[in-house]
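Engineer: Below you'll find the structure I mean.
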4 protein chains.
Amino acid sequence: MSLLASERLRFPPATRRLRLGFVGGGRGALVGEAHAAGARLSNRWEVVAGALSSDPATAVASGADWLLPADRIYTSWAEMAEREATRPDGIEAVVIVTPNHSHKAIAACFLEHGIDVICDKPLTTTVEDALALVDLQRRTGLVFGVTYCYASHAMIRQARAMVQAGELGRVRHIHVEYMQEWATTPDDVSQKALTWRRDPAKVGRASATNDIGTHAHHIAGFVSGLTMTRVRAEFHVCGAPKAMEDTAFMHVRYDDEVPGTLWVTQAAPGNHCALRLRVYGEKAGLEWDQEYPELLRFTPLGKPAQQITKGYGSGMLPAAERLVRLSRGHPEALTDAWANLYLELAVAVEARRTGQRLPEGLLAYPDVAAGARGVRFVHAAAESHEAGGAWTSCAL
Amino acid sequence: MSLLASERLRFPPATRRLRLGFVGGGRGALVGEAHAAGARLSNRWEVVAGALSSDPATAVASGADWLLPADRIYTSWAEMAEREATRPDGIEAVVIVTPNHSHKAIAACFLEHGIDVICDKPLTTTVEDALALVDLQRRTGLVFGVTYCYASHAMIRQARAMVQAGELGRVRHIHVEYMQEWATTPDDVSQKALTWRRDPAKVGRASATNDIGTHAHHIAGFVSGLTMTRVRAEFHVCGAPKAMEDTAFMHVRYDDEVPGTLWVTQAAPGNHCALRLRVYGEKAGLEWDQEYPELLRFTPLGKPAQQITKGYGSGMLPAAERLVRLSRGHPEALTDAWANLYLELAVAVEARRTGQRLPEGLLAYPDVAAGARGVRFVHAAAESHEAGGAWTSCAL
Amino acid sequence: MSLLASERLRFPPATRRLRLGFVGGGRGALVGEAHAAGARLSNRWEVVAGALSSDPATAVASGADWLLPADRIYTSWAEMAEREATRPDGIEAVVIVTPNHSHKAIAACFLEHGIDVICDKPLTTTVEDALALVDLQRRTGLVFGVTYCYASHAMIRQARAMVQAGELGRVRHIHVEYMQEWATTPDDVSQKALTWRRDPAKVGRASATNDIGTHAHHIAGFVSGLTMTRVRAEFHVCGAPKAMEDTAFMHVRYDDEVPGTLWVTQAAPGNHCALRLRVYGEKAGLEWDQEYPELLRFTPLGKPAQQITKGYGSGMLPAAERLVRLSRGHPEALTDAWANLYLELAVAVEARRTGQRLPEGLLAYPDVAAGARGVRFVHAAAESHEAGGAWTSCAL
Amino acid sequence: MSLLASERLRFPPATRRLRLGFVGGGRGALVGEAHAAGARLSNRWEVVAGALSSDPATAVASGADWLLPADRIYTSWAEMAEREATRPDGIEAVVIVTPNHSHKAIAACFLEHGIDVICDKPLTTTVEDALALVDLQRRTGLVFGVTYCYASHAMIRQARAMVQAGELGRVRHIHVEYMQEWATTPDDVSQKALTWRRDPAKVGRASATNDIGTHAHHIAGFVSGLTMTRVRAEFHVCGAPKAMEDTAFMHVRYDDEVPGTLWVTQAAPGNHCALRLRVYGEKAGLEWDQEYPELLRFTPLGKPAQQITKGYGSGMLPAAERLVRLSRGHPEALTDAWANLYLELAVAVEARRTGQRLPEGLLAYPDVAAGARGVRFVHAAAESHEAGGAWTSCAL
């Protein structure tokens with residue numbers, strides 16, 4: 001395997017923990033705890049402030065749960081941005097884990113206060129908002145990560161590095177799917193974290209496509225190194241009746257007219273977070289399943305299928321190996337991926353703040369542009385569906 | 001589980017072996033030996049005659065390989081039909097395993113000579129030919145099986161019986177794929193059995209769609225109990241350059257507008273005969289993979305996933321159990337499915353010839369109508385592809 | 001991989017089917033049908049005579065089931081041996097699938113009538129009987145196969161060929177286990193095929209050790225190329241109370257003091273025929289599971305684990321490939337192994353009868369000596385158990 | 001399933017993070033980082049002090065890596081114990097991750113300074129030392145955890161709870177194995193963390209038995225609820241030549257004479273940390289593999305095998321569910337188990353220090369007595385081996 005010099009790089013060691021604040025993620029939320037766990041496990045961050053809920057009482061109770069200092073538990077993110085920006089020990093980055101429609105305003109506010117941003121996916125509910133954030137990030141030069149968490153699994157980095165190293169030859173077709181089961185039955189309306197996902201005002205033009213389709217879209221492009229160019233989509237409700245789609249089927253094209261399929265459903269009994277990627281090239285294939293994140297199946301044409309595993313001498317490439325946290329045979333899983341993501345974000349934030357120049361190719365966290373491409377994908381899929389499955393461009 | 005009375009039925013015992021002839025299947029052919037193996041293993045047939053190749057020398061050499069009596073090794077199927085029809089010990093059924101375009105004439109000839117027909121899939125290369133055979137079968141009243149072999153796996157029968165018994169509730173979406181790798185590299189032009197598959201004159205309007213797509217189409221309908229009504233398709237060449245498609249992606253609809261996906265490729269390194277079916281209903285899902293034919297995964301919503309296995313008391317239904325050949329833990333595979341298919345065909349032929357009336361629901365072998373639906377599916381897919389992916393009806 | 005010239009050999013083609021008779025295997029028996037299925041599928045044998053049960057009525061009814069000619073359905077094996085030996089179209093080999101204690105007399109009788117013998121395992125219930133048969137086979141020069149069926153899986157031959165070719169380096173330890181569940185509950189006394197397995201008069205000094213331990217013993221030696229030299233064993237009843245052991249644990253030694261473990265149980269809920277072999281050498285390991293007979297896992301030290309599959313160019317060695325029946329991706333299973341075994345036995349019998357000299361290494365079916373080693377193993381295990389787990393020699 | 005009231009309990013919320021110190025675990029060490037990661041992820045601890053190496057330069061460099069305050073980076077654990085015991089903000093617990101032979105003195109010293117102890121396994125190198133620590137813990141009343149990390153996987157807790165709830169009926173046999181590959185080749189003598197494992201002065205009477213056998217011993221007893229009473233063992237060197245065993249085979253007995261097997265090897269190519277447990281009872285079996293820690297296979301006799309998964313309504317019991325960190329389908333792995341362990345230890349330490357009485361059955365972390373039983377097991381195995389495999393008691 002030919003290796004780029006940059007792949008051999010290691011991350012610079014930490015000299016201190018960076019200060020992190022959260023907007024959203026309090027009691028009843030789904031994903032905030034996963035972010036916080038990744039940040040803690042990375043050992044590069046300290047969570048010191050939060051506006052953990054739009055409901056003041058929940059915000060305060062959640063801040064106590066998280067052991068935040070009382071004076072840094074906020075009930076308003078705008079106030080938090082302002083106060084933290086002026087404290088000498090103010091937060092250096094903010095994590096935004098609120099419903100989709102609020103991302104734009106919150107992210108813009110923190111960027112304008114000079115605070116680096118880590119925003120959950122999807123970036124925004126409109127393409128305009130997404131482009132505005134891309135623009136604002138460019139103008140401010142701040143770090144802006146979008147947390148497509150699965151892309152930070154060591155084995156996804158391995159898959160990407162193998163494609164880059166030419167192990168597959170030219171990529172010829174790409175298949176990605178993401179299946180869940182929870183929308184088979186009627187949504188539990190008492191669960192705030194679920195209900196906004198079916199409200200067009202909060203989630204944008206699509207539901208399952210937004211929620212899990214953006215993950216599928218991102219990981220396929222991330223591993224293959226190809227950008228999705230157009231899509232033809234159809235939306236369905238396959239589970240209990242509901243206001244927005246719980247299922248979407250798509251045929252897609254990537255750069256160079258490489259074809260693929262992408263489909264998502266939240267109404268497939270027996271599937272929990274079955275994000276599965278398959279990339280086939282002229283010389284070999286790669287297959288990966290989020291529920292078994294350490295099993296990377298590599299199938300060189302006409303040879304026995306291989307299971308790539310962690311560790312030296314077993315086929316793992318340096319770009320992946322530098323994210324390995326445990327010795328071979330000791331399994332890593334989703335929190336390790338989150339920790340990898342928060343590690344890279346910390347390296348980026350610290351480098352920006354200290355004016356350090358990082359080697360090309362050291363970091364691969366998804367940025368605001370990746371976030372904007374995801375939003376455009378969602379809109380292209382919705383437009384295609386509404387146009388009876390017409391081919392629709394994903395170009396920004 | 002509620003069981004139809006007929007499901008408890010057993011097959012009538014054999015009183016003798018039926019006499020079987022082959023057209024095609026000699027040296028260099030791919031599938032003839034699989035048919036013959038199934039017939040032998042079923043212990044209901046004796047292969048006694050053959051026109052095993054269109055090439056006379058090959059026909060004779062192959063007849064010797066198969067230990068056929070010299071006077072029943074033919075070099076012309078028409079001659080074989082005529083002579084066998086008049087012998088007192090003439091064949092009772094013929095197996096047709098020649099290139100697709102010749103099926104129609106051969107099948108018609110044997111039907112007209114009063115010989116029951118077992119024809120490989122796809123039935124014909126044109127819809128007109130398919131309908132002509134449907135018509136001829138109706139007029140003659142002869143048995144006409146089409147060998148979608150995978151549908152005779154005990155576990156596929158189990159899956160079908162579970163759907164029928166309501167274990168899944170209403171079926172809500174269906175996904176089927178069939179992946180191979182052999183067309184990643186240029187086709188081996190020395191292999192006659194492969195090359196006609198890329199010749200439109202011999203294979204009809206599609207290649208991979210014909211070859212493996214018809215299997216995917218059949219099994220999805222067979223298990224779900226639903227008929228595919230329309231399709232939107234795109235054809236691709238993902239492997240080495242070639243004259244016809246090696247890959248096809250489709251969105252489909254079944255009865256009651258149930259949506260699904262169907263795709264096939266012969267250019268996915270690491271996949272050999274990866275025919276995978278997934279059916280999801282209101283209450284549960286079923287997942288099956290041809291390469292592991294005894295693993296039927298059943299996923300009742302909100303309960304642990306189950307692995308249904310062969311044998312009494314383990315969840316297997318009678319309609320499937322009557323096809324079980326080996327005790328639990330002793331794996332069955334493709335030849336067992338072929339033997340099940342040839343067992344059911346023998347029961348049908350013997351019943352027809354003896355005037356025996358079989359109980360409703362005892363047999364489930366694919367018939368000429370199933371064959372014709374497959375041909376229509378191929379043409380609908382090709383038409384849709386040529387029309388830029390327009391929705392195209394699969395109705396006959 | 002270095003290949004012996006003999007490994008490239010193919011089997012000589014058949015010129016006719018050999019005539020086969022059965023002793024045992026009628027209605028209510030367990031294994032006769034598996035033998036017959038293998039013989040049929042091999043296409044080298046015709047079953048033409050049988051004494052299918054010691055009960056005359058069952059023998060007659062079973063003969064009809066098997067479509068035997070009425071005059072060759074016997075109620076006495078002795079009579080069958082005598083009559084068949086004198087018919088011009090008499091059987092050329094006999095299959096013995098009766099309870100263990102009767103093997104010796106039956107096998108000796110047929111050998112003495114000049115009829116080749118195919119005997120189910122274990123060969124006999126006493127070591128003396130086993131040695132007598134070894135001796136008689138040597139004196140008569142007849143073919144004597146013992147049907148350790150699992151050793152004829154193509155992937156087991158592949159494993160053996162890989163060890164022989166040095167792919168593992170020196171073998172350093174060997175682990176084999178065979179787990180079933182049926183003896184967790186009390187034995188069904190209405191099932192004749194089960195009850196004699198717990199009767200010391202019919203089964204010899206051990207029960208589970210005889211029934212499934214002999215398979216484990218054979219396959220470990222067959223693949224590793226090493227002979228088991230001694231054993232320390234303990235017998236247990238882990239399922240419902242019963243007269244003989246349903247479970248046995250052993251530590252063993254092979255040639256060159258290579259250590260290993262071997263254990264069997266018939267009281268492990270969820271396991272049906274879980275015969276699993278693991279062989280570890282200096283350079284690599286091999287792992288195989290009877291329930292998934294096509295998955296041969298090969299683990300070269302410090303490299304990705306490989307899944308060896310059927311077919312050209314995928315790592316399969318000629319000695320295994322000549323037993324492959326179906327194209328890659330089309331799974332084979334137990335009946336295919338039986339057919340491989342009956343194929344090799346037919347080649348051996350035909351060669352003996354025609355005076356043909358077969359190339360060294362062409363055939364690898366288990367012979368009477370392998371059967372005798374199995375009987376000695378059972379007795380060594382029983383002796384060790386009775387001596388409180390003392391090391392006991394397996395030498396004949 | 002019948003549930004004990006205590007199983008429904010949740011952990012008390014944290015009010016602050018406890019202060020933790022480390023002895024050992026610096027650069028070049030193997031397991032310290034895993035402990036620290038678990039502590040961080042639990043969010044109940046802050047690592048504030050350390051004597052991370054016996055080499056002063058390494059201790060200082062490692063302290064900087066860990067971002068410890070300069071005045072709390074120690075080069076002597078004795079000095080650390082003394083100073084920390086007197087600081088008002090001194091550590092509340094110490095983690096001991098040094099070579100085995102030093103555990104006793106270090107643990108005793110911290111206990112005597114009133115600091116709770118978290119000690120890696122095996123507890124000590126002699127039974128006397130182990131009993132001395134048991135005694136000292138009893139006298140001081142301090143918390144003493146021994147970090148058998150695997151026992152804190154949610155699915156191991158589930159397995160244990162299912163046994164306790166009677167899902168298996170009476171346990172009838174138990175099989176546990178732990179396989180690695182790294183000792184197939186000569187040990188890398190430059191790796192300090194490996195070499196002391198082959199030095200009897202540092203590791204005690206056994207090597208692999210100590211290192212991984214203690215894990216196997218613990219988890220089998222933990223899940224089954226049975227105590228191992230005696231063992232017969234044989235030690236081997238199956239990999240490259242070395243001073244102590246890399247492989248051990250054992251037959252064992254638990255309470256009520258329940259039999260089992262236990263074996264470990266560090267010379268099985270292709271196996272990394274293959275700790276596999278199988279427990280079979282009268283009514284069902286349970287199977288678990290450390291490399292796939294979320295796959296708990298449950299096999300009720302005569303019913304389809306089930307895969308128990310995380311989450312409500314899918315068969316998970318409260319005692320396991322309270323340790324679940326991520327939603328269903330989002331995999332957890334080893335660091336999650338470590339975090340569970342450090343969570344329970346924090347709850348224990350905080351309760352002790354605040355005089356809080358915890359409900360019976362809330363915590364299940366392994367204590368000093370479990371550690372002592374592990375040491376006794378190692379010695380019993382070594383004694384048995386030296387006595388030619390004689391049965392040897394494991395009683396303390």
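FYI, nothing fancy with the structure tokens labels: chains A, B, ... in order, residues from 1 per chain, ligands from 1 as they appear.
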If you take only C-alpha atoms and a cut-off of 6 Å, which residues of chain A touch chain B, and what are their nearest atom pairs and distances in Å to one decimal, in chain and number order, as CSV?
Structural biologist:
```
residue,atom,partner,partner_atom,distance
A:Arg172,CA,B:Cys238,CA,5.5
A:Cys238,CA,B:Arg172,CA,5.5
A:Ala268,CA,B:Tyr280,CA,5.6
A:Pro269,CA,B:Leu301,CA,5.0
A:Gly270,CA,B:Thr299,CA,4.7
A:Tyr280,CA,B:Ala268,CA,5.6
A:Ala284,CA,B:Pro269,CA,5.2
A:Gly285,CA,B:Pro269,CA,5.4
A:Thr299,CA,B:Gly270,CA,4.7
A:Leu301,CA,B:Pro269,CA,5.0
```
Engineer: Could you turn the residues from that selection into a file that holds all heavy atoms, as a tab-separated table (two decimals), in the first residue's frame?
Structural biologist:
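Below you can see again_32.tsv, which holds the result:
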```
chain	number	residue	atom	x	y	z
A	172	ARG	N	-16.84	1.96	-8.49
A	172	ARG	CA	-17.82	1.77	-9.57
A	172	ARG	C	-19.29	1.86	-9.13
A	172	ARG	O	-20.14	2.21	-9.91
A	172	ARG	CB	-17.56	0.43	-10.27
A	172	ARG	CG	-16.17	0.31	-10.90
A	172	ARG	CD	-15.85	1.45	-11.88
A	172	ARG	NE	-16.88	1.64	-12.87
A	172	ARG	CZ	-16.87	1.11	-14.09
A	172	ARG	NH1	-15.84	0.40	-14.49
A	172	ARG	NH2	-17.86	1.32	-14.91
A	238	CYS	N	-44.08	3.97	5.82
A	238	CYS	CA	-44.20	2.50	5.91
A	238	CYS	C	-44.60	2.04	7.30
A	238	CYS	O	-45.05	0.92	7.47
A	238	CYS	CB	-42.89	1.83	5.49
A	238	CYS	SG	-42.60	1.93	3.71
A	268	ALA	N	-38.55	-0.62	10.04
A	268	ALA	CA	-38.10	-1.97	9.71
A	268	ALA	C	-37.86	-2.74	11.00
A	268	ALA	O	-36.77	-2.70	11.57
A	268	ALA	CB	-36.82	-1.92	8.87
A	269	PRO	N	-38.89	-3.46	11.48
A	269	PRO	CA	-38.76	-4.18	12.75
A	269	PRO	C	-37.48	-5.03	12.80
A	269	PRO	O	-37.19	-5.75	11.84
A	269	PRO	CB	-40.01	-5.06	12.79
A	269	PRO	CG	-41.02	-4.31	11.99
A	269	PRO	CD	-40.22	-3.65	10.89
A	270	GLY	N	-36.78	-4.93	13.90
A	270	GLY	CA	-35.56	-5.72	14.08
A	270	GLY	C	-34.30	-4.96	13.74
A	270	GLY	O	-33.20	-5.47	13.96
A	280	TYR	N	-18.01	-0.70	-4.00
A	280	TYR	CA	-17.39	-1.67	-4.90
A	280	TYR	C	-16.58	-0.97	-5.98
A	280	TYR	O	-17.08	-0.04	-6.62
A	280	TYR	CB	-18.45	-2.57	-5.55
A	280	TYR	CG	-19.24	-3.33	-4.51
A	280	TYR	CD1	-20.56	-3.01	-4.23
A	280	TYR	CD2	-18.62	-4.33	-3.76
A	280	TYR	CE1	-21.27	-3.68	-3.24
A	280	TYR	CE2	-19.32	-5.00	-2.76
A	280	TYR	CZ	-20.65	-4.68	-2.51
A	280	TYR	OH	-21.33	-5.34	-1.52
A	284	ALA	N	-11.79	-4.48	-5.84
A	284	ALA	CA	-12.17	-4.99	-4.52
A	284	ALA	C	-13.41	-4.27	-4.03
A	284	ALA	O	-13.83	-3.26	-4.61
A	284	ALA	CB	-11.04	-4.78	-3.52
A	285	GLY	N	-13.96	-4.78	-2.95
A	285	GLY	CA	-15.10	-4.15	-2.29
A	285	GLY	C	-14.82	-3.94	-0.80
A	285	GLY	O	-13.90	-4.54	-0.23
A	299	THR	N	-12.90	-7.22	0.29
A	299	THR	CA	-13.05	-8.36	-0.62
A	299	THR	C	-12.28	-8.11	-1.91
A	299	THR	O	-12.85	-7.68	-2.91
A	299	THR	CB	-14.53	-8.59	-0.93
A	299	THR	OG1	-15.10	-7.36	-1.40
A	299	THR	CG2	-15.29	-9.05	0.29
A	301	LEU	N	-10.92	-8.87	-5.34
A	301	LEU	CA	-11.52	-9.71	-6.38
A	301	LEU	C	-10.74	-11.02	-6.55
A	301	LEU	O	-9.52	-11.02	-6.72
A	301	LEU	CB	-11.51	-8.93	-7.70
A	301	LEU	CG	-12.20	-9.59	-8.88
A	301	LEU	CD1	-13.69	-9.75	-8.64
A	301	LEU	CD2	-11.97	-8.75	-10.14
```
Engineer: Write out as a compact mmCIF listing (two decimals) with C-alpha atoms, in the first residue's frame each polymer residue whose atoms come within 9 Å of Ala81 of chain A, counting only C-alpha atoms; drop sequence neighbours fewer than 2 positions from it.
Structural biologist:
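Heads up, here's the output in part.txt:
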```
# COMPACT_ATOMS: atom_id res chain seq x y z
CA SER A 76 -30.80 31.49 27.35
CA TRP A 77 -28.18 30.63 24.79
CA ALA A 78 -27.90 34.25 23.71
CA GLU A 79 -27.03 35.24 27.26
CA ARG A 83 -21.35 36.19 29.09
CA GLU A 84 -18.99 33.40 28.14
CA ALA A 85 -17.41 35.54 25.43
CA THR A 86 -16.37 38.09 28.03
CA ILE A 91 -15.86 28.58 26.81
CA VAL A 94 -19.95 25.49 21.94
CA ILE A 106 -27.43 29.75 17.65
CA CYS A 109 -24.53 34.00 17.47
CA PHE A 110 -21.61 32.05 18.89
CA HIS A 113 -18.92 36.10 19.63
CA ILE A 115 -16.55 31.04 19.87
```
Engineer: Could you pull out all residues of segment 194-301 of chain D with a DSSP call of strand (DSSP E) and give them as a ChimeraX atom specification?
Structural biologist: /D:228-236,247-254,259-265,274-281,284-289,296-300
Engineer: If you measure from atom CA of Met179 of chain B to atom CA of Cys273 of chain B, what distance in Å do you get, rounded to one decimal?
Structural biologist: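 About the pair atom CA of Met179 of chain B and atom CA of Cys273 of chain B: they are 6.0 Å apart.
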Engineer: Could you tell me how far atom CA of Val97 of chain D sits from atom CA of Phe22 of chain D, in Å to one decimal place?
Structural biologist: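 Value for the atom CA of Phe22 of chain D-atom CA of Val97 of chain D distance: 7.5 Å.
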Engineer: Name the residues of segment 41-269 of chain D that come out as helix (DSSP H, G or I) in a backbone DSSP run; write them as a ChimeraX atom specification.
Structural biologist: /D:41-42,56-65,70-72,77-86,100-112,127-140,149-152,154-164,192-198,200-203,208-224,255-257
Engineer: Just want the 12 Å neighbourhood of Ala319 of chain B, counted on only C-alpha atoms, with same-chain residues fewer than 3 positions away dropped. Output as a compact mmCIF listing (two decimals) with N, CA and C atoms, in the first residue's frame.
Structural biologist:
```txt
# COMPACT_ATOMS: atom_id res chain seq x y z
N LEU B 3 -52.93 -22.42 11.35
CA LEU B 3 -52.43 -23.24 10.24
C LEU B 3 -53.57 -23.68 9.36
N LEU B 4 -53.38 -23.56 8.08
CA LEU B 4 -54.35 -24.14 7.16
C LEU B 4 -54.23 -25.65 7.25
N ALA B 5 -55.34 -26.31 7.09
CA ALA B 5 -55.32 -27.77 7.18
C ALA B 5 -54.35 -28.34 6.14
N SER B 6 -54.32 -27.71 4.97
CA SER B 6 -53.50 -28.28 3.90
C SER B 6 -52.02 -28.28 4.26
N GLU B 7 -51.64 -27.36 5.14
CA GLU B 7 -50.22 -27.28 5.46
C GLU B 7 -49.72 -28.52 6.20
N ARG B 8 -50.64 -29.20 6.80
CA ARG B 8 -50.23 -30.39 7.54
C ARG B 8 -50.00 -31.59 6.61
N LEU B 9 -50.32 -31.39 5.36
CA LEU B 9 -50.26 -32.51 4.42
C LEU B 9 -48.84 -32.97 4.17
N ARG B 10 -48.71 -34.21 3.85
CA ARG B 10 -47.43 -34.79 3.42
C ARG B 10 -47.57 -35.15 1.95
N PHE B 11 -46.45 -35.31 1.28
CA PHE B 11 -46.49 -35.71 -0.13
C PHE B 11 -46.87 -37.19 -0.23
N SER B 152 -37.55 -23.12 -3.40
CA SER B 152 -37.80 -24.43 -2.80
C SER B 152 -36.93 -24.72 -1.58
N HIS B 153 -36.17 -23.74 -1.12
CA HIS B 153 -35.49 -23.89 0.17
C HIS B 153 -36.56 -24.00 1.26
N ALA B 154 -36.35 -24.92 2.17
CA ALA B 154 -37.33 -25.08 3.26
C ALA B 154 -37.54 -23.76 3.99
N MET B 155 -36.48 -22.99 4.17
CA MET B 155 -36.62 -21.76 4.93
C MET B 155 -37.35 -20.66 4.15
N ILE B 156 -37.31 -20.72 2.84
CA ILE B 156 -38.12 -19.79 2.06
C ILE B 156 -39.60 -20.18 2.17
N ARG B 157 -39.86 -21.46 2.18
CA ARG B 157 -41.24 -21.90 2.40
C ARG B 157 -41.71 -21.49 3.81
N GLN B 158 -40.80 -21.58 4.75
CA GLN B 158 -41.12 -21.15 6.11
C GLN B 158 -41.44 -19.66 6.13
N ALA B 159 -40.62 -18.88 5.46
CA ALA B 159 -40.85 -17.43 5.42
C ALA B 159 -42.22 -17.14 4.81
N ARG B 160 -42.51 -17.78 3.71
CA ARG B 160 -43.79 -17.59 3.03
C ARG B 160 -44.96 -18.00 3.94
N ALA B 161 -44.79 -19.13 4.61
CA ALA B 161 -45.86 -19.60 5.50
C ALA B 161 -46.04 -18.65 6.68
N MET B 162 -44.97 -18.05 7.17
CA MET B 162 -45.09 -17.10 8.27
C MET B 162 -45.84 -15.84 7.82
N GLN B 164 -48.04 -15.75 5.39
CA GLN B 164 -49.43 -16.19 5.22
C GLN B 164 -50.16 -16.32 6.55
N ALA B 165 -49.42 -16.77 7.56
CA ALA B 165 -50.03 -16.98 8.87
C ALA B 165 -50.18 -15.67 9.63
N GLY B 315 -40.61 -23.52 16.00
CA GLY B 315 -41.24 -22.42 15.26
C GLY B 315 -41.45 -22.71 13.78
N MET B 316 -41.06 -23.90 13.34
CA MET B 316 -41.20 -24.20 11.91
C MET B 316 -42.62 -24.64 11.60
N ARG B 322 -42.44 -30.06 5.73
CA ARG B 322 -42.54 -31.25 4.88
C ARG B 322 -41.44 -31.28 3.83
N LEU B 323 -40.69 -30.20 3.71
CA LEU B 323 -39.56 -30.21 2.77
C LEU B 323 -38.21 -30.43 3.47
N VAL B 324 -38.23 -30.58 4.78
CA VAL B 324 -36.96 -30.77 5.49
C VAL B 324 -36.41 -32.16 5.19
N GLY B 361 -53.01 -26.53 -2.07
CA GLY B 361 -51.92 -25.97 -1.26
C GLY B 361 -50.79 -26.93 -0.99
N LEU B 362 -50.87 -28.16 -1.50
CA LEU B 362 -49.78 -29.10 -1.23
C LEU B 362 -48.51 -28.68 -1.95
N LEU B 363 -48.66 -28.26 -3.20
CA LEU B 363 -47.48 -27.96 -4.03
C LEU B 363 -47.33 -26.45 -4.22
N ALA B 364 -46.10 -26.00 -4.28
CA ALA B 364 -45.88 -24.56 -4.47
C ALA B 364 -44.78 -24.31 -5.50
```
Engineer: With only C-alpha atoms as the counted atoms, please give the residues lying no more than 8 Å from Leu68 of chain B, apart from itself and same-chain residues fewer than 2 positions off, as a PyMOL selection string.
Structural biologist: chain B and resi 47-50+63-66+70+72-73
Engineer: Quick one: residues within 12 Å of Ala351 of chain D, only C-alpha atoms, excluding same-chain residues fewer than 2 positions away - as a PyMOL selection string?
Structural biologist: chain D and resi 11-15+18+116+142-143+344-349+353-359+362-363
Engineer: Please write the residues from the selection above to a file, keeping C-alpha atoms, as a PDB file, in the first residue's frame.
Structural biologist:
```
ATOM      1  CA  PHE D  11     -27.752   4.673  40.899  1.00  0.00           C
ATOM      2  CA  PRO D  12     -27.860   7.773  43.090  1.00  0.00           C
ATOM      3  CA  PRO D  13     -26.917  10.894  41.092  1.00  0.00           C
ATOM      4  CA  ALA D  14     -23.451  12.358  41.529  1.00  0.00           C
ATOM      5  CA  THR D  15     -23.054  15.615  43.361  1.00  0.00           C
ATOM      6  CA  LEU D  18     -14.345  12.151  43.281  1.00  0.00           C
ATOM      7  CA  ASP D 116     -10.065   3.475  48.989  1.00  0.00           C
ATOM      8  CA  LEU D 142     -12.627   0.785  53.014  1.00  0.00           C
ATOM      9  CA  VAL D 143     -13.838   0.122  49.464  1.00  0.00           C
ATOM     10  CA  GLU D 344     -20.190   1.566  40.558  1.00  0.00           C
ATOM     11  CA  LEU D 345     -16.907   2.165  42.366  1.00  0.00           C
ATOM     12  CA  ALA D 346     -17.683   5.870  42.631  1.00  0.00           C
ATOM     13  CA  VAL D 347     -21.112   5.128  44.042  1.00  0.00           C
ATOM     14  CA  ALA D 348     -19.485   2.801  46.586  1.00  0.00           C
ATOM     15  CA  VAL D 349     -16.772   5.269  47.605  1.00  0.00           C
ATOM     16  CA  ARG D 353     -17.552   8.551  52.709  1.00  0.00           C
ATOM     17  CA  THR D 354     -20.982  10.076  53.255  1.00  0.00           C
ATOM     18  CA  GLY D 355     -22.289   7.206  55.356  1.00  0.00           C
ATOM     19  CA  GLN D 356     -25.054   6.578  52.848  1.00  0.00           C
ATOM     20  CA  ARG D 357     -26.622   3.115  52.956  1.00  0.00           C
ATOM     21  CA  LEU D 358     -27.072   1.653  49.518  1.00  0.00           C
ATOM     22  CA  PRO D 359     -29.853  -0.788  48.697  1.00  0.00           C
ATOM     23  CA  LEU D 362     -27.409  -2.237  43.677  1.00  0.00           C
ATOM     24  CA  LEU D 363     -23.684  -2.741  43.087  1.00  0.00           C
TER      25      LEU D 363
END
```
